[in-house]
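S.K.: So that we are looking at the same thing, I have put the structure below in C-alpha coordinates.
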Amino acid sequence: MTCADARALIPAWVDQELSQLDGLALERHLSVCPQCASEAKRHASFVKGLKGHLPRLQAPADLRARVLRGLDSAAFPPKQRLRPLAWLGGGVLAGAALVALLTLLLPQRGAQDAWTQFYRDDHQTHSQADTEVQYRSSSQPMVAAWLAKNLGHPVHVPEMPDAQLVGARLSVLRGQTVALDVYRSQGKTVSLFVGDPKVLCPLTLPQDQLFADSGSPYSLVAWQHKGHFHILVAELGLEQLKKLAHQCQVSAI
Amino acid sequence: MPPSNNPLQRYPAGFEGLLEHHLDGLYRFALSLTRQSAEAEDVLQDSVLKGLEAFGRFEAGGNFKAWIFAILMNTFRDRYRRLQRQALRELPLDSLLEAPSVGEEVFDLLLKEEVLAAVEALPLDFRLAVHLVDLEGLSYREAAQVLDCPSGTLMSRLNRGRNLLKVSLADLALDRGLLAGEVDQQGRRP
(Lines give C-alpha, C1' and ligand atoms only; values in the text may rest on other atoms or scores of the structure.)
Protein backbone atom coordinates (compact mmCIF):
# COMPACT_ATOMS: atom_id res chain seq x y z
CA MET A 1 0.00 0.00 0.00
CA THR A 2 1.34 3.45 -0.91
CA CYS A 3 1.06 6.50 1.32
CA ALA A 4 -1.49 7.98 -1.12
CA ASP A 5 -3.61 4.85 -0.80
CA ALA A 6 -3.34 5.02 2.97
CA ARG A 7 -4.29 8.70 3.14
CA ALA A 8 -7.41 7.95 1.10
CA LEU A 9 -8.47 5.24 3.51
CA ILE A 10 -7.74 7.03 6.79
CA PRO A 11 -11.05 8.94 7.07
CA ALA A 12 -13.18 5.81 6.64
CA TRP A 13 -10.90 3.92 9.03
CA VAL A 14 -11.32 6.65 11.68
CA ASP A 15 -15.10 6.45 11.17
CA GLN A 16 -14.96 2.65 11.51
CA GLU A 17 -16.46 2.32 8.04
CA LEU A 18 -13.61 0.43 6.41
CA SER A 19 -13.95 -3.25 5.52
CA GLN A 20 -11.96 -5.66 7.66
CA LEU A 21 -9.64 -6.45 4.77
CA ASP A 22 -8.86 -2.80 3.95
CA GLY A 23 -8.58 -2.01 7.66
CA LEU A 24 -5.93 -4.68 8.19
CA ALA A 25 -4.00 -3.52 5.13
CA LEU A 26 -4.09 0.09 6.34
CA GLU A 27 -3.04 -0.85 9.84
CA ARG A 28 -0.08 -2.79 8.44
CA HIS A 29 0.95 0.34 6.53
CA LEU A 30 0.51 2.58 9.57
CA SER A 31 2.70 0.28 11.64
CA VAL A 32 5.63 0.95 9.30
CA CYS A 33 4.93 4.53 8.17
CA PRO A 34 5.24 7.14 10.94
CA GLN A 35 4.04 10.00 8.67
CA CYS A 36 0.77 8.27 7.80
CA ALA A 37 0.38 7.07 11.38
CA SER A 38 0.75 10.66 12.56
CA GLU A 39 -1.79 11.84 9.97
CA ALA A 40 -4.24 9.14 11.07
CA LYS A 41 -3.81 10.16 14.69
CA ARG A 42 -4.31 13.86 13.88
CA HIS A 43 -7.39 13.17 11.77
CA ALA A 44 -8.92 10.98 14.47
CA SER A 45 -8.22 13.73 16.98
CA PHE A 46 -9.89 16.33 14.74
CA VAL A 47 -12.99 14.21 14.17
CA LYS A 48 -13.27 13.51 17.88
CA GLY A 49 -13.02 17.23 18.60
CA LEU A 50 -15.57 18.09 15.90
CA LYS A 51 -18.09 15.57 17.21
CA GLY A 52 -17.64 16.83 20.74
CA HIS A 53 -17.81 20.53 19.97
CA LEU A 54 -20.80 20.78 17.68
CA PRO A 55 -23.62 22.23 19.78
CA ARG A 56 -26.58 19.93 20.13
CA LEU A 57 -29.54 22.25 19.94
CA GLN A 58 -32.85 20.98 21.20
CA ALA A 59 -36.21 21.52 19.54
CA PRO A 60 -38.08 24.33 21.33
CA ALA A 61 -40.66 23.01 23.81
CA ASP A 62 -43.56 24.74 22.06
CA LEU A 63 -42.55 23.22 18.72
CA ARG A 64 -42.37 19.80 20.31
CA ALA A 65 -45.87 20.27 21.73
CA ARG A 66 -47.22 21.54 18.39
CA VAL A 67 -45.77 18.57 16.50
CA LEU A 68 -47.25 16.04 18.90
CA ARG A 69 -50.61 17.81 18.85
CA GLY A 70 -50.41 17.72 15.06
CA LEU A 71 -50.13 13.94 15.20
CA ASP A 72 -53.41 13.73 17.08
CA SER A 73 -55.28 15.92 14.63
CA ALA A 74 -53.75 14.06 11.69
CA ALA A 75 -54.94 10.74 13.07
CA PHE A 76 -58.50 12.10 13.47
CA PRO A 77 -58.56 14.83 10.80
CA PRO A 78 -61.39 17.29 11.37
CA LYS A 79 -61.50 18.21 7.67
CA GLN A 80 -62.85 14.80 6.69
CA ARG A 81 -66.61 15.11 6.86
CA LEU A 82 -69.06 12.50 5.71
CA ARG A 83 -71.38 14.06 3.18
CA PRO A 84 -75.12 13.73 3.91
CA LEU A 85 -75.61 12.42 0.35
CA ALA A 86 -73.24 9.57 1.06
CA TRP A 87 -75.37 8.57 4.02
CA LEU A 88 -78.51 8.77 1.92
CA GLY A 89 -76.94 6.73 -0.86
CA GLY A 90 -75.96 4.10 1.62
CA GLY A 91 -79.48 4.16 2.98
CA VAL A 92 -80.80 2.87 -0.34
CA LEU A 93 -78.60 -0.16 0.07
CA ALA A 94 -78.91 -0.65 3.75
CA GLY A 95 -82.60 0.04 4.19
CA ALA A 96 -84.45 0.48 7.40
CA ALA A 97 -81.80 -1.15 9.61
CA LEU A 98 -79.24 1.50 8.72
CA VAL A 99 -81.74 4.31 9.28
CA ALA A 100 -82.39 2.87 12.72
CA LEU A 101 -78.68 2.80 13.43
CA LEU A 102 -78.25 6.37 12.26
CA THR A 103 -81.02 7.44 14.55
CA LEU A 104 -79.44 5.56 17.41
CA LEU A 105 -76.06 7.15 16.89
CA LEU A 106 -77.14 10.59 15.75
CA PRO A 107 -76.21 12.43 18.98
CA GLN A 108 -72.62 11.35 18.44
CA ARG A 109 -72.47 12.37 14.79
CA GLY A 110 -69.77 15.01 15.31
CA ALA A 111 -67.36 12.42 16.60
CA GLN A 112 -68.24 9.98 13.81
CA ASP A 113 -67.42 12.45 11.08
CA ALA A 114 -63.69 12.00 11.34
CA TRP A 115 -62.76 8.73 12.91
CA THR A 116 -63.70 6.36 10.07
CA GLN A 117 -61.52 8.13 7.52
CA PHE A 118 -58.26 6.76 8.89
CA TYR A 119 -59.43 3.20 8.29
CA ARG A 120 -60.61 3.89 4.74
CA ASP A 121 -57.34 5.66 3.91
CA ASP A 122 -55.23 2.92 5.46
CA HIS A 123 -57.22 0.21 3.68
CA GLN A 124 -57.03 2.04 0.36
CA THR A 125 -53.29 2.67 0.63
CA HIS A 126 -52.44 -0.94 1.32
CA SER A 127 -55.04 -2.84 -0.64
CA GLN A 128 -53.76 -1.28 -3.85
CA ALA A 129 -50.10 -1.86 -3.14
CA ASP A 130 -47.72 -4.70 -2.49
CA THR A 131 -47.93 -3.84 1.19
CA GLU A 132 -51.33 -5.50 1.46
CA VAL A 133 -49.96 -7.88 4.08
CA GLN A 134 -46.73 -8.10 6.05
CA TYR A 135 -47.33 -11.76 6.82
CA ARG A 136 -48.97 -13.88 4.12
CA SER A 137 -50.74 -17.06 5.13
CA SER A 138 -54.20 -18.59 4.79
CA SER A 139 -53.69 -20.53 8.01
CA GLN A 140 -55.66 -19.00 10.89
CA PRO A 141 -53.32 -20.39 13.62
CA MET A 142 -50.24 -19.16 11.76
CA VAL A 143 -51.63 -15.64 11.30
CA ALA A 144 -52.74 -15.55 14.95
CA ALA A 145 -49.26 -16.64 16.03
CA TRP A 146 -47.58 -13.96 13.90
CA LEU A 147 -49.78 -11.23 15.35
CA ALA A 148 -49.31 -12.47 18.91
CA LYS A 149 -45.54 -12.55 18.42
CA ASN A 150 -45.50 -9.00 17.10
CA LEU A 151 -47.96 -7.47 19.54
CA GLY A 152 -47.20 -9.45 22.67
CA HIS A 153 -50.85 -10.45 23.17
CA PRO A 154 -53.35 -12.63 21.32
CA VAL A 155 -55.39 -11.10 18.51
CA HIS A 156 -58.66 -12.49 17.22
CA VAL A 157 -58.38 -13.93 13.70
CA PRO A 158 -61.94 -14.99 12.91
CA GLU A 159 -62.90 -17.54 10.32
CA MET A 160 -65.52 -16.31 7.86
CA PRO A 161 -67.16 -18.73 5.41
CA ASP A 162 -67.52 -15.96 2.84
CA ALA A 163 -63.96 -14.61 3.07
CA GLN A 164 -60.58 -16.24 2.57
CA LEU A 165 -57.82 -15.33 4.99
CA VAL A 166 -54.84 -13.76 3.18
CA GLY A 167 -52.57 -12.73 6.05
CA ALA A 168 -51.98 -9.87 8.45
CA ARG A 169 -50.18 -6.60 8.87
CA LEU A 170 -49.69 -3.86 11.45
CA SER A 171 -50.67 -0.23 11.20
CA VAL A 172 -50.19 2.75 13.47
CA LEU A 173 -52.96 4.98 14.80
CA ARG A 174 -52.28 7.78 17.28
CA GLY A 175 -48.90 6.26 18.03
CA GLN A 176 -50.40 2.87 18.85
CA THR A 177 -49.74 -0.29 16.86
CA VAL A 178 -52.96 -1.75 15.50
CA ALA A 179 -53.43 -5.28 14.17
CA LEU A 180 -55.14 -6.09 10.91
CA ASP A 181 -56.38 -9.42 9.62
CA VAL A 182 -56.59 -9.31 5.84
CA TYR A 183 -59.07 -11.35 3.82
CA ARG A 184 -60.32 -11.67 0.28
CA SER A 185 -64.03 -11.75 -0.52
CA GLN A 186 -65.70 -11.50 -3.92
CA GLY A 187 -62.31 -10.59 -5.39
CA LYS A 188 -61.90 -7.60 -3.04
CA THR A 189 -59.49 -7.08 -0.17
CA VAL A 190 -61.16 -6.96 3.24
CA SER A 191 -59.33 -5.33 6.16
CA LEU A 192 -60.32 -6.25 9.71
CA PHE A 193 -58.80 -3.93 12.32
CA VAL A 194 -58.83 -5.39 15.82
CA GLY A 195 -57.76 -3.59 18.97
CA ASP A 196 -58.41 -1.58 22.08
CA PRO A 197 -61.65 0.45 21.75
CA LYS A 198 -59.96 3.45 23.39
CA VAL A 199 -57.39 3.50 20.58
CA LEU A 200 -59.54 2.54 17.63
CA CYS A 201 -62.69 4.61 18.06
CA PRO A 202 -63.92 7.68 19.92
CA LEU A 203 -67.42 6.19 20.19
CA THR A 204 -68.81 3.89 22.84
CA LEU A 205 -70.87 1.17 21.20
CA PRO A 206 -73.07 -1.35 23.00
CA GLN A 207 -71.70 -4.90 22.93
CA ASP A 208 -72.07 -6.40 19.41
CA GLN A 209 -74.11 -3.40 18.20
CA LEU A 210 -73.10 -2.72 14.60
CA PHE A 211 -72.05 0.72 13.48
CA ALA A 212 -72.40 0.78 9.70
CA ASP A 213 -71.13 3.43 7.33
CA SER A 214 -71.53 3.02 3.59
CA GLY A 215 -69.05 4.93 1.52
CA SER A 216 -67.92 5.23 -2.02
CA PRO A 217 -66.16 3.00 -2.73
CA TYR A 218 -65.28 1.70 0.74
CA SER A 219 -67.92 0.64 3.25
CA LEU A 220 -67.15 0.23 6.91
CA VAL A 221 -68.75 -1.76 9.71
CA ALA A 222 -67.61 -1.61 13.34
CA TRP A 223 -68.59 -3.32 16.54
CA GLN A 224 -67.29 -4.06 20.00
CA HIS A 225 -67.03 -7.59 21.31
CA LYS A 226 -65.54 -8.78 24.60
CA GLY A 227 -63.52 -5.63 25.13
CA HIS A 228 -62.13 -5.55 21.60
CA PHE A 229 -63.12 -3.19 18.84
CA HIS A 230 -63.46 -4.60 15.31
CA ILE A 231 -63.61 -2.57 12.11
CA LEU A 232 -64.23 -4.14 8.73
CA VAL A 233 -63.43 -2.10 5.62
CA ALA A 234 -63.83 -3.23 2.02
CA GLU A 235 -64.94 -2.16 -1.40
CA LEU A 236 -68.11 -4.15 -0.96
CA GLY A 237 -71.77 -3.35 -0.42
CA LEU A 238 -72.83 -2.60 3.10
CA GLU A 239 -75.06 -5.68 3.30
CA GLN A 240 -72.19 -7.97 2.31
CA LEU A 241 -69.95 -6.32 4.88
CA LYS A 242 -72.57 -6.71 7.61
CA LYS A 243 -72.86 -10.36 6.68
CA LEU A 244 -69.11 -10.77 7.12
CA ALA A 245 -69.33 -8.93 10.44
CA HIS A 246 -71.98 -11.37 11.61
CA GLN A 247 -69.72 -14.27 10.61
CA CYS A 248 -66.89 -12.69 12.62
CA GLN A 249 -69.13 -12.40 15.66
CA VAL A 250 -70.22 -16.04 15.35
CA SER A 251 -66.58 -17.08 15.00
CA ALA A 252 -65.67 -15.18 18.15
CA ILE A 253 -68.28 -16.90 20.33
CA MET B 1 -27.32 -10.40 16.24
CA PRO B 2 -29.90 -9.85 13.50
CA PRO B 3 -32.44 -7.06 14.00
CA SER B 4 -35.67 -8.13 15.66
CA ASN B 5 -38.71 -8.53 13.44
CA ASN B 6 -40.90 -7.66 16.36
CA PRO B 7 -41.87 -3.98 15.93
CA LEU B 8 -42.91 -3.73 19.55
CA GLN B 9 -39.52 -4.89 20.74
CA ARG B 10 -37.81 -2.36 18.53
CA TYR B 11 -40.56 0.26 18.51
CA PRO B 12 -42.45 -0.04 21.78
CA ALA B 13 -44.16 3.32 21.48
CA GLY B 14 -45.10 3.34 17.78
CA PHE B 15 -44.60 6.36 15.57
CA GLU B 16 -45.04 9.00 18.24
CA GLY B 17 -42.52 7.39 20.59
CA LEU B 18 -39.96 6.95 17.84
CA LEU B 19 -40.49 10.47 16.63
CA GLU B 20 -40.05 11.99 20.07
CA HIS B 21 -36.68 10.28 20.33
CA HIS B 22 -35.50 11.95 17.12
CA LEU B 23 -37.25 15.32 17.30
CA ASP B 24 -34.17 17.22 18.45
CA GLY B 25 -32.04 15.70 15.70
CA LEU B 26 -34.70 16.40 13.09
CA TYR B 27 -34.97 19.99 14.27
CA ARG B 28 -31.19 20.45 14.09
CA PHE B 29 -31.15 18.94 10.60
CA ALA B 30 -34.02 21.17 9.45
CA LEU B 31 -32.18 24.16 10.90
CA SER B 32 -29.00 23.16 9.09
CA LEU B 33 -30.95 22.93 5.84
CA THR B 34 -32.95 26.14 6.12
CA ARG B 35 -30.80 28.22 8.51
CA GLN B 36 -33.98 29.90 9.76
CA SER B 37 -35.85 28.68 12.80
CA ALA B 38 -39.33 29.49 11.44
CA GLU B 39 -38.60 27.69 8.17
CA ALA B 40 -37.03 24.79 10.05
CA GLU B 41 -40.18 24.42 12.14
CA ASP B 42 -42.39 24.38 9.03
CA VAL B 43 -40.21 21.79 7.31
CA LEU B 44 -40.16 19.68 10.46
CA GLN B 45 -43.93 19.78 10.90
CA ASP B 46 -44.57 18.92 7.24
CA SER B 47 -42.11 16.04 7.50
CA VAL B 48 -43.75 14.64 10.60
CA LEU B 49 -47.15 14.54 8.93
CA LYS B 50 -45.65 12.89 5.84
CA GLY B 51 -43.92 10.39 8.11
CA LEU B 52 -47.16 9.61 9.89
CA GLU B 53 -48.94 9.02 6.59
CA ALA B 54 -46.16 6.77 5.34
CA PHE B 55 -45.49 4.90 8.59
CA GLY B 56 -47.80 2.04 7.60
CA ARG B 57 -45.37 1.27 4.81
CA PHE B 58 -42.32 1.46 7.08
CA GLU B 59 -40.97 -2.05 7.40
CA ALA B 60 -40.57 -3.52 10.87
CA GLY B 61 -36.86 -3.90 11.58
CA GLY B 62 -36.03 -1.00 9.26
CA ASN B 63 -33.91 1.99 10.20
CA PHE B 64 -36.40 4.57 11.47
CA LYS B 65 -33.81 7.29 11.99
CA ALA B 66 -32.51 7.17 8.42
CA TRP B 67 -36.08 6.82 7.15
CA ILE B 68 -37.49 9.87 8.93
CA PHE B 69 -34.40 11.99 8.17
CA ALA B 70 -34.82 11.07 4.48
CA ILE B 71 -38.44 12.21 4.62
CA LEU B 72 -37.32 15.53 6.06
CA MET B 73 -34.66 15.86 3.36
CA ASN B 74 -37.26 15.20 0.64
CA THR B 75 -39.66 17.67 2.21
CA PHE B 76 -36.93 20.30 2.13
CA ARG B 77 -36.11 19.46 -1.49
CA ASP B 78 -39.74 19.83 -2.49
CA ARG B 79 -40.02 23.22 -0.81
CA TYR B 80 -36.70 24.68 -1.86
CA ARG B 81 -35.81 23.28 -5.25
CA ARG B 82 -34.62 26.65 -6.53
CA LEU B 83 -32.41 27.29 -3.50
CA GLN B 84 -30.92 23.85 -3.76
CA ARG B 85 -29.88 24.39 -7.37
CA GLN B 86 -28.17 27.60 -6.32
CA ALA B 87 -26.36 25.81 -3.53
CA LEU B 88 -25.16 23.08 -5.86
CA ARG B 89 -23.63 25.66 -8.16
CA GLU B 90 -21.60 26.99 -5.26
CA LEU B 91 -19.67 23.76 -4.81
CA PRO B 92 -15.92 24.24 -5.19
CA LEU B 93 -14.28 22.12 -7.84
CA ASP B 94 -11.17 21.15 -5.87
CA SER B 95 -11.88 17.62 -4.80
CA LEU B 96 -8.52 17.12 -3.11
CA LEU B 97 -8.28 20.19 -0.99
CA GLU B 98 -4.98 20.53 0.85
CA ALA B 99 -5.93 20.69 4.48
CA PRO B 100 -3.75 21.57 7.47
CA SER B 101 -3.11 18.78 9.92
CA VAL B 102 -5.39 19.99 12.66
CA GLY B 103 -6.20 18.03 15.79
CA GLU B 104 -8.59 18.26 18.69
CA GLU B 105 -6.67 21.11 20.28
CA VAL B 106 -8.10 23.64 17.81
CA PHE B 107 -11.54 23.14 19.32
CA ASP B 108 -10.26 24.04 22.77
CA LEU B 109 -9.20 27.40 21.37
CA LEU B 110 -12.59 28.29 19.85
CA LEU B 111 -16.12 28.76 21.07
CA LYS B 112 -18.76 26.21 20.15
CA GLU B 113 -20.65 28.97 18.36
CA GLU B 114 -17.57 29.64 16.21
CA VAL B 115 -17.34 25.96 15.31
CA LEU B 116 -21.03 25.94 14.42
CA ALA B 117 -20.62 29.08 12.31
CA ALA B 118 -17.77 27.42 10.42
CA VAL B 119 -19.95 24.37 9.75
CA GLU B 120 -22.82 26.57 8.62
CA ALA B 121 -20.51 28.37 6.21
CA LEU B 122 -19.81 25.11 4.35
CA PRO B 123 -21.49 24.54 0.98
CA LEU B 124 -24.82 22.82 1.46
CA ASP B 125 -23.89 19.29 0.38
CA PHE B 126 -20.72 19.28 2.47
CA ARG B 127 -22.55 20.75 5.44
CA LEU B 128 -25.25 18.10 5.33
CA ALA B 129 -22.73 15.25 5.15
CA VAL B 130 -20.81 16.65 8.14
CA HIS B 131 -24.04 17.28 10.03
CA LEU B 132 -25.47 13.79 9.54
CA VAL B 133 -22.27 11.87 10.28
CA ASP B 134 -20.51 14.02 12.87
CA LEU B 135 -23.46 15.53 14.71
CA GLU B 136 -26.25 13.01 14.30
CA GLY B 137 -24.01 9.93 14.28
CA LEU B 138 -25.37 8.32 11.11
CA SER B 139 -23.27 5.75 9.31
CA TYR B 140 -22.07 6.46 5.78
CA ARG B 141 -24.78 4.21 4.41
CA GLU B 142 -27.54 5.85 6.48
CA ALA B 143 -26.40 9.36 5.58
CA ALA B 144 -26.20 8.39 1.90
CA GLN B 145 -29.78 7.08 2.16
CA VAL B 146 -30.95 10.38 3.64
CA LEU B 147 -29.20 12.43 0.98
CA ASP B 148 -30.16 9.98 -1.77
CA CYS B 149 -26.63 9.61 -3.10
CA PRO B 150 -24.09 6.76 -3.38
CA SER B 151 -21.92 6.04 -0.32
CA GLY B 152 -18.83 7.06 -2.27
CA THR B 153 -20.34 10.47 -2.95
CA LEU B 154 -21.23 10.83 0.70
CA MET B 155 -17.65 9.98 1.71
CA SER B 156 -16.29 12.52 -0.74
CA ARG B 157 -18.60 15.26 0.52
CA LEU B 158 -17.81 14.42 4.12
CA ASN B 159 -14.06 14.52 3.58
CA ARG B 160 -14.20 17.73 1.60
CA GLY B 161 -16.40 19.29 4.26
CA ARG B 162 -14.05 18.26 7.03
CA ASN B 163 -11.05 19.49 5.09
CA LEU B 164 -12.70 22.87 4.54
CA LEU B 165 -13.43 22.98 8.25
CA LYS B 166 -9.80 22.22 9.09
CA VAL B 167 -8.79 25.17 6.93
CA SER B 168 -11.33 27.61 8.32
CA LEU B 169 -10.89 26.62 11.97
CA ALA B 170 -7.09 26.68 11.74
CA ASP B 171 -7.23 30.09 10.04
CA LEU B 172 -9.59 31.40 12.69
CA ALA B 173 -7.36 30.21 15.50
CA LEU B 174 -4.30 31.55 13.71
CA ASP B 175 -5.91 34.98 13.18
CA ARG B 176 -6.65 35.18 16.85
CA GLY B 177 -3.07 34.30 17.68
CA LEU B 178 -4.43 31.23 19.42
CA LEU B 179 -2.52 28.83 17.18
CA ALA B 180 1.20 29.27 16.57
CA GLY B 181 1.95 29.89 12.88
CA GLU B 182 4.92 27.62 12.71
CA VAL B 183 2.95 24.76 14.16
CA ASP B 184 0.32 25.25 11.48
CA GLN B 185 2.87 25.48 8.68
CA GLN B 186 4.66 22.39 9.84
CA GLY B 187 1.40 20.64 10.11
CA ARG B 188 0.31 21.23 6.56
CA ARG B 189 0.64 18.35 4.22
CA PRO B 190 3.53 18.59 1.79
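Just so we're on the same page: first chain in the C-alpha coordinates is A, next is B, and so on; residues restart at 1 for each chain, and ligands are numbered from 1 in the order they show up.
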Taking only C-alpha atoms into account, report as a list of chain:residue names which residues of chain A lie within 7 Å of chain B.
M.R.: A:Arg42, A:His43, A:Ser45, A:Phe46, A:Lys48, A:Gly49, A:Lys51, A:His53, A:Leu54, A:Pro55, A:Leu57, A:Gln58, A:Ala59, A:Val67, A:Leu71, A:Thr131, A:Asn150, A:Leu151, A:Ser171, A:Val172, A:Gly175, A:Gln176, A:Thr177
S.K.: I need the chosen residues saved as a JSON list (two decimals), in the first residue's frame, with N, CA and C atoms.
M.R.:
```json
[["chain", "number", "residue", "atom", "x", "y", "z"],
["A", 42, "ARG", "N", -3.83, 12.47, 13.91],
["A", 42, "ARG", "CA", -4.31, 13.86, 13.88],
["A", 42, "ARG", "C", -5.75, 13.93, 13.36],
["A", 43, "HIS", "N", -6.04, 13.14, 12.33],
["A", 43, "HIS", "CA", -7.39, 13.17, 11.77],
["A", 43, "HIS", "C", -8.40, 12.62, 12.79],
["A", 45, "SER", "N", -8.11, 12.71, 15.94],
["A", 45, "SER", "CA", -8.22, 13.73, 16.98],
["A", 45, "SER", "C", -9.15, 14.85, 16.53],
["A", 46, "PHE", "N", -9.03, 15.26, 15.26],
["A", 46, "PHE", "CA", -9.89, 16.33, 14.74],
["A", 46, "PHE", "C", -11.36, 15.89, 14.73],
["A", 48, "LYS", "N", -12.79, 13.61, 16.50],
["A", 48, "LYS", "CA", -13.27, 13.51, 17.88],
["A", 48, "LYS", "C", -13.64, 14.90, 18.42],
["A", 49, "GLY", "N", -12.76, 15.86, 18.15],
["A", 49, "GLY", "CA", -13.02, 17.23, 18.60],
["A", 49, "GLY", "C", -14.26, 17.81, 17.94],
["A", 51, "LYS", "N", -16.88, 16.20, 16.69],
["A", 51, "LYS", "CA", -18.09, 15.57, 17.21],
["A", 51, "LYS", "C", -18.43, 16.10, 18.60],
["A", 53, "HIS", "N", -17.64, 19.08, 19.84],
["A", 53, "HIS", "CA", -17.81, 20.53, 19.97],
["A", 53, "HIS", "C", -18.94, 21.11, 19.13],
["A", 54, "LEU", "N", -19.64, 20.26, 18.40],
["A", 54, "LEU", "CA", -20.80, 20.78, 17.68],
["A", 54, "LEU", "C", -21.97, 20.89, 18.66],
["A", 55, "PRO", "N", -22.54, 22.07, 18.81],
["A", 55, "PRO", "CA", -23.62, 22.23, 19.78],
["A", 55, "PRO", "C", -24.85, 21.42, 19.41],
["A", 57, "LEU", "N", -28.33, 21.48, 19.65],
["A", 57, "LEU", "CA", -29.54, 22.25, 19.94],
["A", 57, "LEU", "C", -30.72, 21.31, 20.16],
["A", 58, "GLN", "N", -31.64, 21.76, 20.99],
["A", 58, "GLN", "CA", -32.85, 20.98, 21.20],
["A", 58, "GLN", "C", -34.03, 21.69, 20.55],
["A", 59, "ALA", "N", -34.99, 20.91, 20.11],
["A", 59, "ALA", "CA", -36.21, 21.52, 19.54],
["A", 59, "ALA", "C", -36.91, 22.32, 20.64],
["A", 67, "VAL", "N", -45.95, 19.74, 17.37],
["A", 67, "VAL", "CA", -45.77, 18.57, 16.50],
["A", 67, "VAL", "C", -46.59, 17.40, 17.03],
["A", 71, "LEU", "N", -49.94, 15.37, 15.43],
["A", 71, "LEU", "CA", -50.13, 13.94, 15.20],
["A", 71, "LEU", "C", -51.55, 13.53, 15.55],
["A", 131, "THR", "N", -48.03, -3.81, -0.27],
["A", 131, "THR", "CA", -47.93, -3.84, 1.19],
["A", 131, "THR", "C", -49.24, -4.34, 1.80],
["A", 150, "ASN", "N", -45.84, -10.40, 17.36],
["A", 150, "ASN", "CA", -45.50, -9.00, 17.10],
["A", 150, "ASN", "C", -46.14, -8.02, 18.07],
["A", 151, "LEU", "N", -47.26, -8.40, 18.64],
["A", 151, "LEU", "CA", -47.96, -7.47, 19.54],
["A", 151, "LEU", "C", -47.79, -7.83, 21.01],
["A", 171, "SER", "N", -50.59, -1.63, 11.57],
["A", 171, "SER", "CA", -50.67, -0.23, 11.20],
["A", 171, "SER", "C", -50.48, 0.60, 12.48],
["A", 172, "VAL", "N", -50.42, 1.90, 12.31],
["A", 172, "VAL", "CA", -50.19, 2.75, 13.47],
["A", 172, "VAL", "C", -51.24, 3.85, 13.51],
["A", 175, "GLY", "N", -50.09, 6.76, 17.36],
["A", 175, "GLY", "CA", -48.90, 6.26, 18.03],
["A", 175, "GLY", "C", -49.05, 4.85, 18.57],
["A", 176, "GLN", "N", -50.19, 4.22, 18.35],
["A", 176, "GLN", "CA", -50.40, 2.87, 18.85],
["A", 176, "GLN", "C", -50.38, 1.89, 17.68],
["A", 177, "THR", "N", -49.75, 0.73, 17.90],
["A", 177, "THR", "CA", -49.74, -0.29, 16.86],
["A", 177, "THR", "C", -51.09, -1.00, 16.85]]
```
S.K.: Excluding A:Pro154 and any residue of its chain fewer than 5 positions from it, enumerate the residues within 8 Å of it, using only C-alpha atoms, and give them as a ChimeraX atom specification.
M.R.: /A:144-145,147-148
S.K.: Using only C-alpha atoms, pick whichever of B:Asn74, B:Ala144, B:Arg79, B:Phe29 has the shortest atom-to-atom distance to A:Arg56.
M.R.: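 Among the listed residues, the smallest separation from A:Arg56 belongs to B:Phe29.
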S.K.: Quick one, how far is atom CA of A:Arg66 from atom CA of A:Val194?
M.R.: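 For atom CA of A:Arg66 relative to atom CA of A:Val194, the distance reads 29.4 Å.
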S.K.: When you count only C-alpha atoms, which of these residues is closest to A:Ala179: A:Lys41, A:Arg64, A:His230, A:Arg69?
M.R.: A:His230
S.K.: Could you jot down the atom CA of B:Thr153 to atom CA of A:Asp15 separation for me, Å, one decimal place?
M.R.: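 Separation between atom CA of B:Thr153 and atom CA of A:Asp15: 15.6 Å.
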S.K.: I need the residues of stretch 25-178 of chain B that end up classed as helix (DSSP H, G or I) by DSSP on the backbone, written out as JSON, numbers by chain.
M.R.: {"B": [25, 26, 27, 28, 29, 30, 31, 32, 33, 34, 37, 38, 39, 40, 41, 42, 43, 44, 45, 46, 47, 48, 49, 50, 51, 52, 53, 54, 55, 56, 57, 64, 65, 66, 67, 68, 69, 70, 71, 72, 73, 74, 75, 76, 77, 78, 79, 81, 82, 83, 84, 85, 86, 87, 88, 89, 105, 106, 107, 108, 112, 113, 114, 115, 116, 117, 118, 119, 120, 124, 125, 126, 127, 128, 129, 130, 131, 132, 133, 134, 135, 140, 141, 142, 143, 144, 145, 146, 147, 151, 152, 153, 154, 155, 156, 157, 158, 159, 160, 161, 162, 163, 164, 165, 166, 167, 168, 169, 170, 171, 172, 173, 174, 175]}
S.K.: I'd like the interatomic distance between atom CA of A:Arg28 and atom CA of A:Ala6, to a tenth of an Å.
M.R.: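 Separation of atom CA of A:Arg28 and atom CA of A:Ala6: 10.1 Å.
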S.K.: Quick one: residues within 9 Å of stretch 19-27 of chain A, only C-alpha atoms counted, chain neighbours fewer than 6 positions away excluded, as a ChimeraX atom specification?
M.R.: /A:1,5-6,9-10,13,37
